$ cat my_file_26.tsv   # TSV, N, CA and C atoms and all ligand atoms
chain	number	residue	atom	x	y	z
A	1	MET	N	36.23	52.55	75.36
A	1	MET	CA	37.08	53.41	74.58
A	1	MET	C	36.35	54.70	74.31
A	2	SER	N	37.08	55.79	74.33
A	2	SER	CA	36.51	57.08	73.98
A	2	SER	C	37.59	57.91	73.31
A	3	LEU	N	37.16	59.02	72.74
A	3	LEU	CA	38.09	59.94	72.10
A	3	LEU	C	38.19	61.21	72.95
A	4	THR	N	39.37	61.73	73.03
A	4	THR	CA	39.56	62.97	73.77
A	4	THR	C	39.28	64.16	72.86
A	5	SER	N	39.08	65.31	73.47
A	5	SER	CA	38.78	66.51	72.69
A	5	SER	C	39.17	67.75	73.49
A	6	PRO	N	39.64	68.79	72.78
A	6	PRO	CA	39.92	70.03	73.49
A	6	PRO	C	38.67	70.85	73.74
A	7	VAL	N	37.54	70.43	73.15
A	7	VAL	CA	36.29	71.17	73.29
A	7	VAL	C	35.61	70.78	74.60
A	8	PRO	N	35.30	71.74	75.45
A	8	PRO	CA	34.64	71.41	76.72
A	8	PRO	C	33.26	70.80	76.52
A	9	ASN	N	32.92	69.88	77.39
A	9	ASN	CA	31.57	69.31	77.41
A	9	ASN	C	30.60	70.43	77.78
A	10	PRO	N	29.53	70.65	76.97
A	10	PRO	CA	28.62	71.76	77.26
A	10	PRO	C	27.95	71.64	78.64
A	11	ALA	N	27.72	70.44	79.08
A	11	ALA	CA	27.03	70.25	80.36
A	11	ALA	C	27.94	70.52	81.56
A	12	THR	N	29.21	70.15	81.43
A	12	THR	CA	30.11	70.26	82.58
A	12	THR	C	31.12	71.39	82.44
A	13	GLY	N	31.36	71.82	81.19
A	13	GLY	CA	32.38	72.84	80.97
A	13	GLY	C	33.80	72.30	81.05
A	14	ILE	N	33.92	70.98	81.18
A	14	ILE	CA	35.23	70.36	81.34
A	14	ILE	C	35.66	69.71	80.02
A	15	ALA	N	36.88	70.00	79.59
A	15	ALA	CA	37.44	69.35	78.40
A	15	ALA	C	38.18	68.09	78.84
A	16	PHE	N	37.97	67.01	78.11
A	16	PHE	CA	38.67	65.75	78.39
A	16	PHE	C	39.77	65.63	77.35
A	17	THR	N	40.94	66.10	77.69
A	17	THR	CA	42.05	66.16	76.74
A	17	THR	C	43.13	65.15	77.10
A	18	ALA	N	43.87	64.73	76.10
A	18	ALA	CA	45.00	63.81	76.30
A	18	ALA	C	46.33	64.54	76.22
A	19	VAL	N	46.28	65.83	75.96
A	19	VAL	CA	47.53	66.60	75.81
A	19	VAL	C	48.36	66.47	77.09
A	20	GLY	N	49.61	66.07	76.91
A	20	GLY	CA	50.50	65.90	78.04
A	20	GLY	C	50.59	64.48	78.55
A	21	GLN	N	49.68	63.61	78.11
A	21	GLN	CA	49.72	62.20	78.53
A	21	GLN	C	50.73	61.43	77.66
A	22	LEU	N	51.25	60.35	78.19
A	22	LEU	CA	52.13	59.48	77.40
A	22	LEU	C	51.29	58.47	76.63
A	23	CYS	N	51.67	58.25	75.39
A	23	CYS	CA	51.02	57.22	74.59
A	23	CYS	C	51.48	55.84	75.10
A	24	PHE	N	50.52	54.96	75.35
A	24	PHE	CA	50.82	53.63	75.89
A	24	PHE	C	51.66	52.82	74.92
A	25	TYR	N	51.51	53.04	73.62
A	25	TYR	CA	52.21	52.25	72.62
A	25	TYR	C	53.62	52.78	72.33
A	26	CYS	N	53.75	54.03	71.98
A	26	CYS	CA	55.06	54.55	71.55
A	26	CYS	C	55.79	55.31	72.66
A	27	GLU	N	55.12	55.54	73.75
A	27	GLU	CA	55.70	56.17	74.94
A	27	GLU	C	56.22	57.58	74.70
A	28	THR	N	55.63	58.28	73.73
A	28	THR	CA	55.94	59.69	73.58
A	28	THR	C	54.73	60.50	74.02
A	29	THR	N	54.97	61.75	74.30
A	29	THR	CA	53.92	62.61	74.82
A	29	THR	C	52.90	62.93	73.73
A	30	ILE	N	51.65	62.87	74.08
A	30	ILE	CA	50.57	63.25	73.16
A	30	ILE	C	50.44	64.76	73.19
A	31	LEU	N	50.51	65.37	72.00
A	31	LEU	CA	50.51	66.82	71.92
A	31	LEU	C	49.20	67.41	71.42
A	32	THR	N	48.34	66.57	70.83
A	32	THR	CA	47.09	67.08	70.28
A	32	THR	C	45.95	66.10	70.52
A	33	ASP	N	44.75	66.63	70.53
A	33	ASP	CA	43.54	65.81	70.52
A	33	ASP	C	43.01	65.79	69.10
A	34	PRO	N	42.23	64.84	68.70
A	34	PRO	CA	41.75	63.74	69.50
A	34	PRO	C	42.81	62.66	69.68
A	35	ALA	N	42.71	61.97	70.78
A	35	ALA	CA	43.50	60.78	71.05
A	35	ALA	C	42.51	59.70	71.51
A	36	VAL	N	43.00	58.49	71.59
A	36	VAL	CA	42.15	57.37	72.02
A	36	VAL	C	42.40	57.12	73.50
A	37	HIS	N	41.33	56.95	74.24
A	37	HIS	CA	41.41	56.73	75.69
A	37	HIS	C	40.72	55.41	76.03
A	38	TRP	N	41.43	54.58	76.79
A	38	TRP	CA	40.82	53.36	77.33
A	38	TRP	C	40.91	53.42	78.83
A	39	HIS	N	39.84	53.04	79.47
A	39	HIS	CA	39.81	53.04	80.93
A	39	HIS	C	39.66	51.59	81.39
A	40	GLY	N	40.63	51.13	82.16
A	40	GLY	CA	40.58	49.77	82.68
A	40	GLY	C	40.55	49.75	84.19
A	41	VAL	N	40.74	48.57	84.74
A	41	VAL	CA	40.63	48.43	86.19
A	41	VAL	C	41.79	49.11	86.93
A	42	ILE	N	42.91	49.31	86.25
A	42	ILE	CA	44.04	49.94	86.93
A	42	ILE	C	44.23	51.40	86.51
A	43	GLY	N	43.34	51.92	85.69
A	43	GLY	CA	43.45	53.33	85.31
A	43	GLY	C	43.26	53.55	83.84
A	44	SER	N	43.68	54.71	83.39
A	44	SER	CA	43.50	55.12	82.01
A	44	SER	C	44.78	54.94	81.21
A	45	ILE	N	44.63	54.62	79.94
A	45	ILE	CA	45.74	54.63	79.01
A	45	ILE	C	45.30	55.41	77.78
A	46	TYR	N	46.29	56.03	77.14
A	46	TYR	CA	46.03	56.90	75.99
A	46	TYR	C	46.87	56.44	74.81
A	47	PHE	N	46.38	56.71	73.62
A	47	PHE	CA	47.09	56.37	72.38
A	47	PHE	C	46.97	57.50	71.38
A	48	HIS	N	48.07	57.73	70.64
A	48	HIS	CA	47.92	58.51	69.42
A	48	HIS	C	46.99	57.69	68.51
A	49	PRO	N	46.14	58.32	67.75
A	49	PRO	CA	45.29	57.55	66.84
A	49	PRO	C	46.11	56.62	65.94
A	50	ALA	N	47.26	57.08	65.46
A	50	ALA	CA	48.08	56.27	64.57
A	50	ALA	C	48.72	55.08	65.27
A	51	CYS	N	48.76	55.07	66.59
A	51	CYS	CA	49.38	53.97	67.33
A	51	CYS	C	48.40	52.84	67.64
A	52	VAL	N	47.12	53.05	67.45
A	52	VAL	CA	46.13	52.02	67.77
A	52	VAL	C	46.27	50.84	66.81
A	53	PHE	N	46.40	51.10	65.52
A	53	PHE	CA	46.46	50.00	64.56
A	53	PHE	C	47.70	49.13	64.75
A	54	PRO	N	48.91	49.67	64.89
A	54	PRO	CA	50.07	48.79	65.12
A	54	PRO	C	49.94	47.97	66.40
A	55	LEU	N	49.34	48.54	67.44
A	55	LEU	CA	49.12	47.77	68.66
A	55	LEU	C	48.14	46.63	68.39
A	56	PHE	N	47.07	46.93	67.65
A	56	PHE	CA	46.08	45.91	67.32
A	56	PHE	C	46.72	44.76	66.55
A	57	ILE	N	47.58	45.06	65.59
A	57	ILE	CA	48.25	44.02	64.81
A	57	ILE	C	49.06	43.11	65.72
A	58	ARG	N	49.79	43.69	66.67
A	58	ARG	CA	50.61	42.89	67.58
A	58	ARG	C	49.74	42.05	68.53
A	59	LEU	N	48.65	42.62	69.00
A	59	LEU	CA	47.73	41.86	69.84
A	59	LEU	C	47.12	40.70	69.07
A	60	ALA	N	46.72	40.95	67.84
A	60	ALA	CA	46.12	39.91	67.01
A	60	ALA	C	47.12	38.80	66.73
A	61	ARG	N	48.37	39.15	66.48
A	61	ARG	CA	49.40	38.14	66.23
A	61	ARG	C	49.60	37.27	67.46
A	62	ASP	N	49.66	37.88	68.64
A	62	ASP	CA	49.83	37.10	69.87
A	62	ASP	C	48.63	36.20	70.12
A	63	LEU	N	47.44	36.69	69.86
A	63	LEU	CA	46.24	35.87	70.04
A	63	LEU	C	46.26	34.69	69.07
A	64	HIS	N	46.68	34.93	67.82
A	64	HIS	CA	46.76	33.87	66.84
A	64	HIS	C	47.75	32.79	67.27
A	65	GLU	N	48.86	33.21	67.88
A	65	GLU	CA	49.84	32.24	68.38
A	65	GLU	C	49.24	31.40	69.50
A	66	LEU	N	48.43	32.02	70.36
A	66	LEU	CA	47.77	31.25	71.42
A	66	LEU	C	46.82	30.22	70.83
A	67	GLU	N	46.13	30.59	69.76
A	67	GLU	CA	45.15	29.69	69.15
A	67	GLU	C	45.82	28.61	68.30
A	68	ARG	N	46.94	28.91	67.67
A	68	ARG	CA	47.62	27.97	66.78
A	68	ARG	C	49.12	27.96	67.05
A	69	PRO	N	49.55	27.48	68.22
A	69	PRO	CA	50.97	27.54	68.58
A	69	PRO	C	51.87	26.79	67.60
A	70	ASP	N	51.38	25.71	66.98
A	70	ASP	CA	52.21	24.94	66.05
A	70	ASP	C	52.64	25.77	64.84
A	71	ALA	N	51.83	26.73	64.47
A	71	ALA	CA	52.16	27.57	63.31
A	71	ALA	C	53.35	28.48	63.57
A	72	TYR	N	53.71	28.65	64.83
A	72	TYR	CA	54.80	29.56	65.18
A	72	TYR	C	56.06	28.84	65.64
A	73	ARG	N	56.02	27.50	65.69
A	73	ARG	CA	57.20	26.75	66.13
A	73	ARG	C	58.19	26.62	64.97
A	74	SER	N	59.46	26.64	65.33
A	74	SER	CA	60.50	26.47	64.32
A	74	SER	C	60.47	25.06	63.76
A	75	ARG	N	60.72	24.96	62.48
A	75	ARG	CA	60.74	23.65	61.84
A	75	ARG	C	62.21	23.30	61.52
A	76	PRO	N	62.58	22.01	61.68
A	76	PRO	CA	63.97	21.62	61.40
A	76	PRO	C	64.31	21.74	59.92
B	1	ZN	ZN	51.87	56.81	70.16

$ encode --input "my_file_26.tsv" --output "structure tokens" --more "lines below"
Ligand SMILES: [Zn+2]
Amino acid sequence: MSLTSPVPNPATGIAFTAVGQLCFYCETTILTDPAVHWHGVIGSIYFHPACVFPLFIRLARDLHELERPDAYRSRP
């Protein structure tokens, strides 16, 4: 994970910005930096900073269901 920035890297002169990328969570265009960047085996994904926490909550809930499936089953 890394954060994007409009400020160019002093060594390369290249800015790593997320402006114009789609947020993986809310699917709207990212208009400002900093944003959150994850690089995986199939490429990069970007998030608005505010979208990271709601995604984390949903991931944690799904993981909890995998660990304790009985807690999520309907009861008669
Ligand atoms: Zn978003």

$ residues_near_ligand --input "my_file_26.tsv" --ligand "ligand ZN 1 (chain B)" --cutoff "6.5 Å" --atoms "only N, CA and C atoms and all ligand atoms" --output "ChimeraX atom specification"
/A:23-28,47-51

$ residues_around --input "my_file_26.tsv" --residues "Thr4 in chain A" --least-positions-apart "6" --cutoff "6 Å" --atoms "only C-alpha atoms" --output "ChimeraX atom specification"
/A:16-17,33-35

$ write_last_selection --input "my_file_26.tsv" --atoms "N, CA and C atoms" --output "PDB file, keeping the file's coordinate frame"
ATOM      1  N   PHE A  16      37.970  67.010  78.110  1.00  0.00           N
ATOM      2  CA  PHE A  16      38.670  65.750  78.390  1.00  0.00           C
ATOM      3  C   PHE A  16      39.770  65.630  77.350  1.00  0.00           C
ATOM      4  N   THR A  17      40.940  66.100  77.690  1.00  0.00           N
ATOM      5  CA  THR A  17      42.050  66.160  76.740  1.00  0.00           C
ATOM      6  C   THR A  17      43.130  65.150  77.100  1.00  0.00           C
ATOM      7  N   ASP A  33      44.750  66.630  70.530  1.00  0.00           N
ATOM      8  CA  ASP A  33      43.540  65.810  70.520  1.00  0.00           C
ATOM      9  C   ASP A  33      43.010  65.790  69.100  1.00  0.00           C
ATOM     10  N   PRO A  34      42.230  64.840  68.700  1.00  0.00           N
ATOM     11  CA  PRO A  34      41.750  63.740  69.500  1.00  0.00           C
ATOM     12  C   PRO A  34      42.810  62.660  69.680  1.00  0.00           C
ATOM     13  N   ALA A  35      42.710  61.970  70.780  1.00  0.00           N
ATOM     14  CA  ALA A  35      43.500  60.780  71.050  1.00  0.00           C
ATOM     15  C   ALA A  35      42.510  59.700  71.510  1.00  0.00           C
TER      16      ALA A  35
END

$ select_by_dssp --input "my_file_26.tsv" --residues "chain A" --states "strand (DSSP E)" --output "tab-separated table (two decimals) with N, CA and C atoms, in the frame of the given file"
chain	number	residue	atom	x	y	z
A	2	SER	N	37.08	55.79	74.33
A	2	SER	CA	36.51	57.08	73.98
A	2	SER	C	37.59	57.91	73.31
A	3	LEU	N	37.16	59.02	72.74
A	3	LEU	CA	38.09	59.94	72.10
A	3	LEU	C	38.19	61.21	72.95
A	36	VAL	N	43.00	58.49	71.59
A	36	VAL	CA	42.15	57.37	72.02
A	36	VAL	C	42.40	57.12	73.50
A	37	HIS	N	41.33	56.95	74.24
A	37	HIS	CA	41.41	56.73	75.69
A	37	HIS	C	40.72	55.41	76.03
A	38	TRP	N	41.43	54.58	76.79
A	38	TRP	CA	40.82	53.36	77.33
A	38	TRP	C	40.91	53.42	78.83
A	39	HIS	N	39.84	53.04	79.47
A	39	HIS	CA	39.81	53.04	80.93
A	39	HIS	C	39.66	51.59	81.39
A	40	GLY	N	40.63	51.13	82.16
A	40	GLY	CA	40.58	49.77	82.68
A	40	GLY	C	40.55	49.75	84.19
A	43	GLY	N	43.34	51.92	85.69
A	43	GLY	CA	43.45	53.33	85.31
A	43	GLY	C	43.26	53.55	83.84
A	44	SER	N	43.68	54.71	83.39
A	44	SER	CA	43.50	55.12	82.01
A	44	SER	C	44.78	54.94	81.21
A	45	ILE	N	44.63	54.62	79.94
A	45	ILE	CA	45.74	54.63	79.01
A	45	ILE	C	45.30	55.41	77.78
A	46	TYR	N	46.29	56.03	77.14
A	46	TYR	CA	46.03	56.90	75.99
A	46	TYR	C	46.87	56.44	74.81
A	47	PHE	N	46.38	56.71	73.62
A	47	PHE	CA	47.09	56.37	72.38
A	47	PHE	C	46.97	57.50	71.38

$ axis_aligned_box --input "my_file_26.tsv" --around "range 50-61 of chain A" --padding-each-side "6 Å" --output "AutoDock Vina command-line options"
--center_x 48.3 --center_y 47.2 --center_z 67.2 --size_x 16.5 --size_y 31.8 --size_z 17.3

$ select_by_dssp --input "my_file_26.tsv" --residues "chain A" --states "helix (DSSP H, G or I)" --output "number ranges by chain"
A: 49-67, 69-72

$ atom_distance --input "my_file_26.tsv" --atom1 "atom C of Gly43 in chain A" --atom2 "CA of His64 in chain A"
26.2 Å

$ atom_distance --input "my_file_26.tsv" --atom1 "atom N of Trp38 in chain A" --atom2 "atom C of Asn9 in chain A"
19.2 Å

$ atom_distance --input "my_file_26.tsv" --atom1 "atom C of Gln21 in chain A" --atom2 "CA of Ile45 in chain A"
8.5 Å

$ decode --input "my_file_26.tsv" --residues "range 26-58 of chain A" --atoms "N, CA and C atoms" --output "mmCIF file, in the first residue's frame"
data_model
loop_
_atom_site.group_PDB
_atom_site.id
_atom_site.type_symbol
_atom_site.label_atom_id
_atom_site.label_comp_id
_atom_site.auth_asym_id
_atom_site.auth_seq_id
_atom_site.Cartn_x
_atom_site.Cartn_y
_atom_site.Cartn_z
ATOM 1 N N CYS A 26 -16.060 2.843 -4.390
ATOM 2 C CA CYS A 26 -17.282 3.586 -4.727
ATOM 3 C C CYS A 26 -17.439 3.823 -6.231
ATOM 4 N N GLU A 27 -16.422 3.498 -6.982
ATOM 5 C CA GLU A 27 -16.444 3.570 -8.446
ATOM 6 C C GLU A 27 -16.684 4.975 -8.991
ATOM 7 N N THR A 28 -16.282 5.988 -8.221
ATOM 8 C CA THR A 28 -16.301 7.344 -8.757
ATOM 9 C C THR A 28 -14.862 7.790 -8.979
ATOM 10 N N THR A 29 -14.717 8.792 -9.796
ATOM 11 C CA THR A 29 -13.388 9.263 -10.160
ATOM 12 C C THR A 29 -12.724 9.966 -8.982
ATOM 13 N N ILE A 30 -11.472 9.671 -8.780
ATOM 14 C CA ILE A 30 -10.677 10.338 -7.744
ATOM 15 C C ILE A 30 -10.205 11.671 -8.306
ATOM 16 N N LEU A 31 -10.504 12.746 -7.566
ATOM 17 C CA LEU A 31 -10.205 14.085 -8.061
ATOM 18 C C LEU A 31 -9.020 14.738 -7.367
ATOM 19 N N THR A 32 -8.605 14.190 -6.221
ATOM 20 C CA THR A 32 -7.499 14.808 -5.489
ATOM 21 C C THR A 32 -6.600 13.745 -4.877
ATOM 22 N N ASP A 33 -5.372 14.130 -4.637
ATOM 23 C CA ASP A 33 -4.440 13.323 -3.849
ATOM 24 C C ASP A 33 -4.398 13.898 -2.446
ATOM 25 N N PRO A 34 -4.022 13.171 -1.443
ATOM 26 C CA PRO A 34 -3.575 11.801 -1.511
ATOM 27 C C PRO A 34 -4.740 10.829 -1.639
ATOM 28 N N ALA A 35 -4.458 9.720 -2.264
ATOM 29 C CA ALA A 35 -5.368 8.586 -2.328
ATOM 30 C C ALA A 35 -4.552 7.354 -1.920
ATOM 31 N N VAL A 36 -5.257 6.264 -1.707
ATOM 32 C CA VAL A 36 -4.586 5.020 -1.315
ATOM 33 C C VAL A 36 -4.413 4.155 -2.555
ATOM 34 N N HIS A 37 -3.230 3.606 -2.703
ATOM 35 C CA HIS A 37 -2.900 2.775 -3.861
ATOM 36 C C HIS A 37 -2.449 1.400 -3.377
ATOM 37 N N TRP A 38 -3.058 0.364 -3.962
ATOM 38 C CA TRP A 38 -2.599 -1.010 -3.715
ATOM 39 C C TRP A 38 -2.200 -1.606 -5.033
ATOM 40 N N HIS A 39 -1.092 -2.305 -5.017
ATOM 41 C CA HIS A 39 -0.615 -2.959 -6.231
ATOM 42 C C HIS A 39 -0.653 -4.465 -5.997
ATOM 43 N N GLY A 40 -1.409 -5.157 -6.839
ATOM 44 C CA GLY A 40 -1.508 -6.605 -6.731
ATOM 45 C C GLY A 40 -1.016 -7.290 -7.979
ATOM 46 N N VAL A 41 -1.277 -8.574 -8.059
ATOM 47 C CA VAL A 41 -0.761 -9.347 -9.184
ATOM 48 C C VAL A 41 -1.447 -8.992 -10.501
ATOM 49 N N ILE A 42 -2.650 -8.433 -10.432
ATOM 50 C CA ILE A 42 -3.335 -8.097 -11.684
ATOM 51 C C ILE A 42 -3.311 -6.597 -11.965
ATOM 52 N N GLY A 43 -2.633 -5.828 -11.141
ATOM 53 C CA GLY A 43 -2.530 -4.394 -11.405
ATOM 54 C C GLY A 43 -2.775 -3.555 -10.182
ATOM 55 N N SER A 44 -3.039 -2.292 -10.414
ATOM 56 C CA SER A 44 -3.208 -1.322 -9.341
ATOM 57 C C SER A 44 -4.678 -1.040 -9.087
ATOM 58 N N ILE A 45 -5.008 -0.780 -7.844
ATOM 59 C CA ILE A 45 -6.324 -0.280 -7.490
ATOM 60 C C ILE A 45 -6.135 0.928 -6.586
ATOM 61 N N TYR A 46 -7.102 1.836 -6.666
ATOM 62 C CA TYR A 46 -7.025 3.100 -5.939
ATOM 63 C C TYR A 46 -8.280 3.274 -5.090
ATOM 64 N N PHE A 47 -8.135 4.011 -4.007
ATOM 65 C CA PHE A 47 -9.259 4.296 -3.103
ATOM 66 C C PHE A 47 -9.208 5.741 -2.657
ATOM 67 N N HIS A 48 -10.404 6.356 -2.539
ATOM 68 C CA HIS A 48 -10.471 7.584 -1.756
ATOM 69 C C HIS A 48 -10.085 7.186 -0.330
ATOM 70 N N PRO A 49 -9.390 8.031 0.394
ATOM 71 C CA PRO A 49 -9.066 7.688 1.777
ATOM 72 C C PRO A 49 -10.317 7.314 2.585
ATOM 73 N N ALA A 50 -11.419 8.015 2.371
ATOM 74 C CA ALA A 50 -12.646 7.735 3.126
ATOM 75 C C ALA A 50 -13.281 6.399 2.748
ATOM 76 N N CYS A 51 -12.904 5.814 1.636
ATOM 77 C CA CYS A 51 -13.491 4.542 1.202
ATOM 78 C C CYS A 51 -12.749 3.330 1.754
ATOM 79 N N VAL A 52 -11.574 3.519 2.309
ATOM 80 C CA VAL A 52 -10.793 2.386 2.819
ATOM 81 C C VAL A 52 -11.495 1.764 4.028
ATOM 82 N N PHE A 53 -11.954 2.580 4.962
ATOM 83 C CA PHE A 53 -12.559 2.029 6.174
ATOM 84 C C PHE A 53 -13.843 1.246 5.884
ATOM 85 N N PRO A 54 -14.788 1.746 5.091
ATOM 86 C CA PRO A 54 -15.989 0.942 4.794
ATOM 87 C C PRO A 54 -15.650 -0.370 4.092
ATOM 88 N N LEU A 55 -14.647 -0.359 3.219
ATOM 89 C CA LEU A 55 -14.235 -1.610 2.579
ATOM 90 C C LEU A 55 -13.670 -2.566 3.621
ATOM 91 N N PHE A 56 -12.846 -2.045 4.533
ATOM 92 C CA PHE A 56 -12.268 -2.876 5.578
ATOM 93 C C PHE A 56 -13.358 -3.522 6.427
ATOM 94 N N ILE A 57 -14.385 -2.772 6.790
ATOM 95 C CA ILE A 57 -15.476 -3.311 7.598
ATOM 96 C C ILE A 57 -16.143 -4.473 6.877
ATOM 97 N N ARG A 58 -16.391 -4.323 5.577
ATOM 98 C CA ARG A 58 -17.044 -5.394 4.809
ATOM 99 C C ARG A 58 -16.137 -6.618 4.667
#
